Structures are given as structure tokens and as C-alpha cells.
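**Student:** My questions all concern the structure below.
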Amino acid sequence: MDCKQAVSFMHEYLDGDLPSEQARELQSHFDACPDCRAAFRRLEETEMMIFAANRRPAEISAPDDMTDRIMSFLPQPKKHSPVWSWVQRHPALTAAAAFILIMLGTSIGFWNADTQLVVKGSDLERVQVQGDTVIVPEGTTVSGDLTVQRGKLEIYGDVEGNVTVIDGSAYQASTAHVTGQVKDIHQALDWVWYKLGNFVSEVAYR
Amino acid sequence: MDNLETRLVKLALKGDQRAFAEIVDLYKDRIYHLAYRMLNNRHEAEDVVQETFLRVYRNLDRYDQAQKFSTWIYRIGTNLSIDRLRKRKPTYSLDAEIGDQDGADGYALIPGDNRTPETEYLISETRTTIHEAIDDLPPKYKTVMILRYLQELSLQEISDVLDMPVTTIKTRVHRGREFLRKKLESQNR
């Protein structure tokens with residue numbers, strides 16, 4: 001081993017990275033070379049002194065109020081609204097929700113748009129209309145479903161089917177007879193459910 | 001230790017200010033000491049500490065938990081110190097240091113019966129010599145020496161902090177060590 005190699009080994013040794021085999025080689029070089037042995041001793045002393053000199057002394061520490069000062073300097077935490085972060089995490093659901101909202105909006109819009117009386121049924125000839133009142137006279141039989149929107153329905157006769165009143169009122173006299181169900185829908189939401197229900201059953205029966 | 005830090009980071013990310021204050025408490029002295037040794041100025045060291053934690057706070061969501069938290073914060077503190085060091089005009093006086101050293105050598109050579117104060121004086125002088133010598137080093141050597149001997153980071157950790165190969169770090173430590181050996185020898189002569 002030459003002296004140049006020895007110096008390199010010395011540093012590796014001080015780094016704690018010299019394998020024991022090389023350490024033995026270095027030792028045998030020291031036995032033969034007093035200069036390198038002396039150089040190593042000085043290097044070792046230097047190493048110890050640098051460590052000792054740099055030990056963190058108590059007086060070199062951050063001022064006591066440092067933490068408080070830093071905390072007061074910090075910008076206010078960004079307040080992400082929970083709704084917005086939810087939207088960011090669920091784009092597909094958000095799109096679906098937006099779609100449903102638009103659907104509801106237009107449905108409610110339509111619901112508000114009409115103010116006229118609407119009567120639907122398959123057998124309307126036997127039904128009398130007086131103003132906003134729809135009358136099923138006594139002794140008559142209406143076959144099929146009957147739907148009245150934005151009006152009063154007064155039933156004195158028979159209806160062979162379902163009766164639905166939307167945003168109106170239904171009156172059944174003691175003589176009345178309805179074979180199906182009587183539904184009274186007053187609110188926009190109920191109406192939407194009714195629409196959706198129709199839609200769902202249409203899909204189901206298709 | 002790492003576990004605690006990771007937990008504190010998670011809490012701080014959720015907006016827990018006290019968790020972040022805990023992180024500041026854990027690291028402020030280490031970063032202050034690092035910056036103080038790098039810059040040799042208390043005021044600037046305080047600035048670096050504040051800037052470091054401000055950056056940590058702003059970039060907390062970008063902290064990669066596969067990495068040691070200490071490595072990350074040391075990197076920020078070290079880079080900020082190096083930036084300041086590079087921007088600084090070379091105003092620090094070489095004359096003052098040389099003057100001090102001459103005086104110290106004179107005293108140190110006087111043999112005395114009263115060994116203890118003498119020895120202590122020598123030790124404090126040695127310390128001053130080392131600090132001044134480290135201060136004279138170019139930033140790339142200075143940083144490595146401070147991280148190695150002051151923060152007592154391993155060579156691998158220094159390589160992580162500075163994002164350089166371990167072999168580069170080793171070369172710098174070796175050269176820095178030789179440089180300090182020469183300084184100390186010239187002091188004791």
C-alpha cells in the first residue's frame with residue numbers, strides 16, 4: 001500500500017466505512033510508515049475536536065418565543081368547504097346529482113308553468129266540466145283512469161279505474177264508487193314522485 | 001420518533017395548529033443551530049428558521065412520507081441558508097480572524113502552572129479556530145461539514161438532504177477534514 005492509498009483508507013476509517021480487512025492492511029502500513037501513523041493520529045484528533053467543537057451548546061438555541069412567533073406568522077389554514085372537496089372527490093356522482101337537479105328544476109318549472117285545468121282520461125264524454133270543477137254525475141260510469149290537474153273533482157257516479165287529483169281537491173259523494181285508487185297530489189315534490197313513478201313503471205313494463 | 005412526526009404532519013394537514021406548533025418545537029433549535037453555524041449571525045439564523053417553517057407549512061401536503069421528515073426539513077433549512085450565503089457580499093473580515101488567531105497562538109504557547117484555565121482557554125480557542133475555519137470554507141464544503149459534525153447526520157442522510165451521491169459527500173468530508181487538520185496544526189505550531 002502506498003501512502004496516498006493509506007490516506008484514503010484513513011478517511012474511510014474515520015467515516016466508519018473501512019472494512020476490517022482493509023483496516024488490517026492500514027495497520028500494517030502504519031507499522032512500516034511512521035509518517036502515516038503520525039498523520040493518522042493528527043487526523044483522528046482533528047475529527048474528535050471538530051465533533052467536540054460543534055456539540056450544540058445550550059446558548060445557541062432559538063429564542064423562547066420562536067414557536068409563538070412562527071405560529072402567528074403562518075397564513076390562515078385554507079378552508080376548503082366540505083361540499084367542494086366532496087365534489088372534487090366524486091366527479092361522477094356530482095354529474096349525476098347535477099343531472100337530477102336539472103331534471104327536478106325543469107319538472108318544477110313545468111309544474112309552475114301551467115295554470116289551466118287539465119283533465120285526462122279514456123272516457124271523458126261522460127264527465128262534465130263547470131269552470132274549474134270536473135263532475136262525474138250521479139248514475140254515470142266512467143271507464144278507465146281519470147286524472148285532474150289544477151281543478152276540483154266531484155264524483156257522484158262510478159269510476160272504473162284510478163283517480164288522480166294533482167294540485168286540486170277531490171270530493172266523493174256517498175253515491176260515488178271508485179274501483180281503483182284515489183290519489184291526491186298537492187305538492188311539486190309529490191308530483192315529481194308521481195312523474196318518476198310513472199316513468200319507472202313504464203320502464204319496468206317495457 | 002418518525003411515527004410521531006408522521007402523525008403530527010397528518011394532524012397539521014387536517015388544520016390542527018397545535019400539531020404544527022409541536023413540529024416547530026421539535027425542530028426549531030436544530031434548524032436554528034444549523035443556520036447560525038452556516039451564517040454566523042443570530043438575526044439571520046432566526047429569519048431562516050421562520051422561513052423554513054413557513055415553507056414546511058405551505059408545502060406540508062407535498063411532503064413524501066416515504067422520506068424521513070428530518071431529511072425534508074433539513075433540506076429546506078440548508079437550502080435557505082446556502083441561498084443567503086451565496087447572496088451575501090464577502091464582507092466578513094479576514095483581518096479580525098487573523099488578528100485573533102495571532103493573539104491566541106501567543107497565549108497558548110505560554111506554559112503555566114495553572115493548567116485548568118489554560119486548558120480551557122486552549123479548548124475554547126480550538127473551538128474558535130474550528131468554527132472560523134468552517135466559516136471560511138466554500139458553501140458546498142461548509143454545508144457538508146456542518147451537517148456531519150454539528151447535526152451529526154450520517155453520510156447517507158447528508159446525501160439525502162443535499163440530493164447528491166454519497167461518494168460526493170464523502171469526498172467533501174475528507175477534504176474538509178484535511179483542511180481543518182491543517183488549520184489546527186498551524187494554530188498549535
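Residues are named by chain letter and number: chains run A, B, ... in the order of the C-alpha cells, numbers start at 1 in each chain, and ligands are numbered from 1 in the order shown.
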Find the nearest atom pair between each residue of chain A and chain B for residues within 8 Å, count only C-alpha atoms, give distances in Å to one decimal, sort rows by chain and ascending number, and present the table as CSV.
**Tutor:**
```
residue,atom,partner,partner_atom,distance
A:His11,CA,B:His174,CA,6.0
A:Arg42,CA,B:Arg181,CA,7.0
A:Leu43,CA,B:Arg181,CA,6.2
A:Thr46,CA,B:Arg181,CA,5.6
A:Glu47,CA,B:Arg177,CA,7.1
A:Met49,CA,B:Arg127,CA,7.7
A:Ile50,CA,B:Tyr149,CA,6.6
A:Phe51,CA,B:Tyr149,CA,5.3
A:Ala52,CA,B:Arg127,CA,8.0
A:Ala53,CA,B:Arg127,CA,4.8
A:Asn54,CA,B:Leu150,CA,4.9
A:Arg55,CA,B:Leu150,CA,6.2
A:Arg56,CA,B:Leu150,CA,6.9
A:Ile60,CA,B:His33,CA,6.3
A:Ser61,CA,B:Asp29,CA,5.0
A:Ala62,CA,B:Asp29,CA,5.2
A:Met66,CA,B:Lys28,CA,7.8
A:Thr67,CA,B:Val24,CA,6.1
A:Asp68,CA,B:Ala21,CA,8.0
A:Ile70,CA,B:Gln50,CA,5.9
A:Met71,CA,B:Ala21,CA,6.7
A:Phe73,CA,B:Leu54,CA,7.9
A:Leu74,CA,B:Leu54,CA,6.4
A:Pro77,CA,B:Gly15,CA,6.3
```
**Student:** Quick one: distance from CA of Tyr194 in chain A to CA of Thr179 in chain A in Å, one decimal?
**Tutor:**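 So the two atoms, CA of Tyr194 in chain A and CA of Thr179 in chain A, lie 19.8 Å apart.
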**Student:** Work out how far apart CA of Leu153 in chain B and CA of Lys140 in chain B are and give it in Å to one decimal.
**Tutor:**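 Between CA of Leu153 in chain B and CA of Lys140 in chain B the gap is 15.9 Å.
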**Student:** Write out as JSON, numbers by chain all residues of range 31-165 of chain B that backbone DSSP assigns to helix (DSSP H, G or I).
**Tutor:** {"B": [31, 32, 33, 34, 35, 36, 37, 38, 39, 42, 43, 44, 45, 46, 47, 48, 49, 50, 51, 52, 53, 54, 55, 56, 57, 58, 60, 61, 62, 69, 70, 71, 72, 73, 74, 75, 76, 77, 78, 79, 80, 81, 82, 83, 84, 85, 86, 87, 94, 95, 96, 97, 98, 99, 100, 101, 102, 103, 104, 105, 106, 107, 108, 115, 116, 117, 118, 119, 120, 121, 122, 123, 124, 125, 126, 127, 128, 129, 130, 131, 132, 133, 134, 135, 136, 139, 140, 141, 142, 143, 144, 145, 146, 147, 148, 149, 150, 155, 156, 157, 158, 159, 160, 161, 162]}
**Student:** Between CA of Leu26 in chain A and CA of Lys4 in chain A, what is the distance in Å, rounded to a tenth?
**Tutor:**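 Distance between the two atoms: 11.4 Å.
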**Student:** Run DSSP on the backbone of this structure and report the residues of chain A it assigns to strand (DSSP E), as a ChimeraX atom specification.
**Tutor:** /A:118-121,128-130,133-136,141-143,146-149,152-155,158-160,163-166,169-172,177-178,182-185
